[in-house]
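Chemist: If you scroll down you'll find the structure; I have some questions about it.
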Amino acid sequence: MTRQHTRRLGWVLAVAAVVAFCLLGRWQLQRMHYKQSLLVQATQARDRPWALADALQAPPALRWVEGEGAFLPQVLLLDNQLHAGQAGIRVYQPFRAGGGASPVLVDLGWLPLPGDRRMPVLQPLQGRFQLRGLLAPPPSPGLALGPPLAATAVPGRWLASRIDMAATAGALGYALSPQVLRLDPALPIGHVRDLDPLPNMLPPARHLGYAVQWFALALAVLVLALVLEWRRRRVPRAVP
């Protein structure tokens, strides 16, 4: 390969790296803006409460909701959930609000797991309840490895590695709302919980930090390529 060909290949690789790093930085900025929007919506949602049945039939959005309905008997246990630095599970149970809407998974809160990972003995909630809380997207799945659900020894109970609505609906045997209901912590049911709209997700500031790193790498590659090109031009050519 001639020196000219090597130079061209080097520039092609440098430009490809700069473009890739810029695209990654842009994606991180998009994630930052998306999560900032979620935080603003969550703050404003309490000022405009919805009836739960109406919200479940509307396009998905962060909404503060209130409504009556009945819990269905199945239970979903979301694994690998941290609270105050301790590992545990998050308990979900489907809830039917009526009005023709699909049932919604209700986040009943967090429970710790012992060192032997023995699952807690849980009794599904039964009967009618008046609920209120934040209708929000399900938790971020993170890196999706392996099947999302595994059956447990208890009928009607599944251990989930992530919230996959399609897989969960298939296991339950009926359609589900694409969102989950984060219960108001003041309600006297369920377990430890809060209304953080970004559970187990990176905050906007972290995305901004990652975006700066990607753009800095793009700039570094460009500067390095320009320096190498400048040095190449300064090297005197051999006289035949």
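A note on labels: chains of the structure tokens are A, B, ... as shown, every chain counts residues from 1, and ligands are counted from 1 in their shown order.
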Give me the stretch 22-102 of chain A side of the contact with stretch 113-117 of chain A, cut-off 10 Å, one line per residue showing its nearest atom pair and distance in Å at one decimal, counting only C-alpha atoms, sorted by chain and residue number, as a tab-separated table.

Modeler:
```
residue	atom	partner	partner_atom	distance
A:Asp79	CA	A:Leu113	CA	9.5
A:Asn80	CA	A:Leu113	CA	9.5
A:Gln81	CA	A:Leu113	CA	9.7
A:Gln86	CA	A:Leu113	CA	8.5
A:Ala87	CA	A:Leu113	CA	6.4
A:Gly88	CA	A:Leu113	CA	4.7
A:Ile89	CA	A:Leu113	CA	7.0
```

Chemist: Stretch 103-110 of chain A: which residues within 6 Å, counting only C-alpha atoms, same-chain residues fewer than 3 positions away excluded, as a compact mmCIF listing (two decimals) with C-alpha atoms, in the first residue's frame?

Modeler:
```txt
# COMPACT_ATOMS: atom_id res chain seq x y z
CA ILE A 89 -37.52 -6.97 44.17
CA ARG A 90 -40.34 -4.69 43.08
CA VAL A 91 -43.86 -6.08 43.27
CA TYR A 92 -46.40 -5.53 40.51
CA GLN A 93 -50.01 -6.64 40.36
CA PRO A 94 -52.48 -6.00 37.52
CA PHE A 95 -55.46 -3.77 38.27
CA ARG A 96 -58.66 -3.43 36.25
CA LEU A 176 -52.08 -4.62 29.33
CA SER A 177 -51.75 -0.86 29.36
CA VAL A 180 -47.56 1.30 34.93
CA LEU A 181 -49.23 2.96 37.90
CA ARG A 182 -46.78 4.26 40.52
CA GLY A 190 -48.16 -2.13 49.32
CA HIS A 191 -44.53 -1.82 50.30
CA VAL A 192 -41.69 0.72 50.31
CA ARG A 193 -42.06 3.06 47.35
```

Chemist: Record the distance separating atom CA of A:His207 and atom CA of A:Ala220, expressed in Å with one decimal.

Modeler: 19.8 Å

Chemist: Which residue, A:Leu131, A:Ala45, A:Leu82, A:Leu29, has the smallest gap to A:Glu68 when you use only C-alpha atoms?

Modeler: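 The shortest atom-to-atom distance to A:Glu68 comes from A:Leu131.
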
Chemist: Residues at most 12 Å from A:Ala153, counting only C-alpha atoms, excluding those fewer than 3 positions away in the same chain, as a PyMOL selection string?

Modeler: chain A and resi 118-119+121+150+156-159

Chemist: Write a file of the selected residues as a PDB file, in the first residue's frame, keeping N, CA and C atoms.

Modeler:
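As written to disk, result23.pdb reads:
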```pdb
ATOM      1  N   ARG A 118     -34.217 -16.053  48.857  1.00  0.00           N
ATOM      2  CA  ARG A 118     -35.502 -16.694  49.051  1.00  0.00           C
ATOM      3  C   ARG A 118     -36.610 -15.655  48.863  1.00  0.00           C
ATOM      4  N   MET A 119     -37.546 -15.974  47.990  1.00  0.00           N
ATOM      5  CA  MET A 119     -38.614 -15.040  47.684  1.00  0.00           C
ATOM      6  C   MET A 119     -39.561 -14.888  48.873  1.00  0.00           C
ATOM      7  N   VAL A 121     -43.004 -14.424  51.046  1.00  0.00           N
ATOM      8  CA  VAL A 121     -44.356 -14.962  50.926  1.00  0.00           C
ATOM      9  C   VAL A 121     -45.307 -13.779  50.753  1.00  0.00           C
ATOM     10  N   ALA A 150     -39.767 -15.545  34.108  1.00  0.00           N
ATOM     11  CA  ALA A 150     -39.597 -16.947  34.487  1.00  0.00           C
ATOM     12  C   ALA A 150     -40.680 -17.299  35.496  1.00  0.00           C
ATOM     13  N   GLY A 156     -49.358 -18.457  39.056  1.00  0.00           N
ATOM     14  CA  GLY A 156     -49.783 -17.084  38.906  1.00  0.00           C
ATOM     15  C   GLY A 156     -48.764 -16.059  39.374  1.00  0.00           C
ATOM     16  N   ARG A 157     -47.508 -16.484  39.553  1.00  0.00           N
ATOM     17  CA  ARG A 157     -46.465 -15.568  40.003  1.00  0.00           C
ATOM     18  C   ARG A 157     -45.241 -15.758  39.110  1.00  0.00           C
ATOM     19  N   TRP A 158     -44.671 -14.644  38.640  1.00  0.00           N
ATOM     20  CA  TRP A 158     -43.520 -14.684  37.750  1.00  0.00           C
ATOM     21  C   TRP A 158     -42.401 -13.807  38.304  1.00  0.00           C
ATOM     22  N   LEU A 159     -41.177 -14.234  38.039  1.00  0.00           N
ATOM     23  CA  LEU A 159     -39.995 -13.437  38.357  1.00  0.00           C
ATOM     24  C   LEU A 159     -39.511 -12.830  37.050  1.00  0.00           C
TER      25      LEU A 159
END
```

Chemist: Which parts of stretch 133-233 of chain A does DSSP call strand (DSSP E) when run on the backbone here, written out as a PyMOL selection string?

Modeler: chain A and resi 133-136+149-151+157-160+180-183

Chemist: Next, dump the selected residues to file, keeping only N, CA, C and O atoms, as a PDB file, in the first residue's frame.

Modeler:
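Contents of the output file again_19.pdb:
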```pdb
ATOM      1  N   GLY A 133     -52.160   7.830  41.938  1.00  0.00           N
ATOM      2  CA  GLY A 133     -50.719   7.784  41.737  1.00  0.00           C
ATOM      3  C   GLY A 133     -50.342   8.330  40.383  1.00  0.00           C
ATOM      4  O   GLY A 133     -51.137   8.994  39.704  1.00  0.00           O
ATOM      5  N   LEU A 134     -49.123   8.022  39.979  1.00  0.00           N
ATOM      6  CA  LEU A 134     -48.557   8.548  38.742  1.00  0.00           C
ATOM      7  C   LEU A 134     -48.555   7.454  37.687  1.00  0.00           C
ATOM      8  O   LEU A 134     -47.931   6.403  37.866  1.00  0.00           O
ATOM      9  N   LEU A 135     -49.263   7.712  36.603  1.00  0.00           N
ATOM     10  CA  LEU A 135     -49.244   6.796  35.460  1.00  0.00           C
ATOM     11  C   LEU A 135     -48.012   7.144  34.629  1.00  0.00           C
ATOM     12  O   LEU A 135     -47.884   8.278  34.139  1.00  0.00           O
ATOM     13  N   ALA A 136     -47.101   6.195  34.489  1.00  0.00           N
ATOM     14  CA  ALA A 136     -45.777   6.503  33.943  1.00  0.00           C
ATOM     15  C   ALA A 136     -45.279   5.343  33.086  1.00  0.00           C
ATOM     16  O   ALA A 136     -45.843   4.239  33.117  1.00  0.00           O
ATOM     17  N   LEU A 149     -39.197 -13.138  31.513  1.00  0.00           N
ATOM     18  CA  LEU A 149     -40.017 -13.711  32.581  1.00  0.00           C
ATOM     19  C   LEU A 149     -39.627 -15.155  32.840  1.00  0.00           C
ATOM     20  O   LEU A 149     -39.232 -15.885  31.930  1.00  0.00           O
ATOM     21  N   ALA A 150     -39.767 -15.545  34.108  1.00  0.00           N
ATOM     22  CA  ALA A 150     -39.597 -16.947  34.487  1.00  0.00           C
ATOM     23  C   ALA A 150     -40.680 -17.299  35.496  1.00  0.00           C
ATOM     24  O   ALA A 150     -40.928 -16.546  36.447  1.00  0.00           O
ATOM     25  N   ALA A 151     -41.345 -18.428  35.273  1.00  0.00           N
ATOM     26  CA  ALA A 151     -42.385 -18.871  36.206  1.00  0.00           C
ATOM     27  C   ALA A 151     -41.745 -19.293  37.523  1.00  0.00           C
ATOM     28  O   ALA A 151     -40.617 -19.791  37.559  1.00  0.00           O
ATOM     29  N   ARG A 157     -47.508 -16.484  39.553  1.00  0.00           N
ATOM     30  CA  ARG A 157     -46.465 -15.568  40.003  1.00  0.00           C
ATOM     31  C   ARG A 157     -45.241 -15.758  39.110  1.00  0.00           C
ATOM     32  O   ARG A 157     -44.826 -16.882  38.839  1.00  0.00           O
ATOM     33  N   TRP A 158     -44.671 -14.644  38.640  1.00  0.00           N
ATOM     34  CA  TRP A 158     -43.520 -14.684  37.750  1.00  0.00           C
ATOM     35  C   TRP A 158     -42.401 -13.807  38.304  1.00  0.00           C
ATOM     36  O   TRP A 158     -42.649 -12.773  38.932  1.00  0.00           O
ATOM     37  N   LEU A 159     -41.177 -14.234  38.039  1.00  0.00           N
ATOM     38  CA  LEU A 159     -39.995 -13.437  38.357  1.00  0.00           C
ATOM     39  C   LEU A 159     -39.511 -12.830  37.050  1.00  0.00           C
ATOM     40  O   LEU A 159     -39.269 -13.543  36.071  1.00  0.00           O
ATOM     41  N   ALA A 160     -39.389 -11.506  37.016  1.00  0.00           N
ATOM     42  CA  ALA A 160     -39.040 -10.799  35.794  1.00  0.00           C
ATOM     43  C   ALA A 160     -37.657 -10.181  35.912  1.00  0.00           C
ATOM     44  O   ALA A 160     -37.298  -9.615  36.951  1.00  0.00           O
ATOM     45  N   VAL A 180     -47.351   1.883  33.604  1.00  0.00           N
ATOM     46  CA  VAL A 180     -47.555   1.302  34.934  1.00  0.00           C
ATOM     47  C   VAL A 180     -48.044   2.406  35.861  1.00  0.00           C
ATOM     48  O   VAL A 180     -47.811   3.594  35.626  1.00  0.00           O
ATOM     49  N   LEU A 181     -48.720   2.003  36.917  1.00  0.00           N
ATOM     50  CA  LEU A 181     -49.233   2.958  37.901  1.00  0.00           C
ATOM     51  C   LEU A 181     -48.317   2.960  39.109  1.00  0.00           C
ATOM     52  O   LEU A 181     -48.206   1.965  39.825  1.00  0.00           O
ATOM     53  N   ARG A 182     -47.641   4.091  39.344  1.00  0.00           N
ATOM     54  CA  ARG A 182     -46.784   4.262  40.520  1.00  0.00           C
ATOM     55  C   ARG A 182     -47.650   4.798  41.646  1.00  0.00           C
ATOM     56  O   ARG A 182     -48.073   5.964  41.626  1.00  0.00           O
ATOM     57  N   LEU A 183     -47.956   3.974  42.622  1.00  0.00           N
ATOM     58  CA  LEU A 183     -48.895   4.351  43.673  1.00  0.00           C
ATOM     59  C   LEU A 183     -48.377   5.500  44.526  1.00  0.00           C
ATOM     60  O   LEU A 183     -47.180   5.594  44.835  1.00  0.00           O
TER      61      LEU A 183
END
```

Chemist: Can you tell me which residues surround A:Pro178 at a distance of at most 12 Å, considering only C-alpha atoms, apart from same-chain residues fewer than 4 positions away, and format the answer as a ChimeraX atom specification?

Modeler: /A:55-62,101-106,135-139,163-169

Chemist: For A:Pro188, which residue among A:Trp50, A:Phe129, A:Trp64, A:Trp230 is the nearest when counting only C-alpha atoms?

Modeler: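 Result for the nearest residue to A:Pro188: A:Phe129.
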
Chemist: Please extract the residues of stretch 21-60 of chain A with a backbone DSSP assignment of alpha helix (DSSP H) and present them as a ChimeraX atom specification.

Modeler: /A:21-45,52-57

Chemist: Ranking A:Leu125, A:Ala175, A:Ala16, A:Leu219 by minimum distance to A:Pro73 and counting only C-alpha atoms, which one comes first?

Modeler: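 Closest residue, counting only C-alpha atoms: A:Leu125.
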
Chemist: By how many Å are atom CA of A:Ala205 and atom CA of A:Pro49 apart?

Modeler: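 Interatomic distance here is 28.7 Å.
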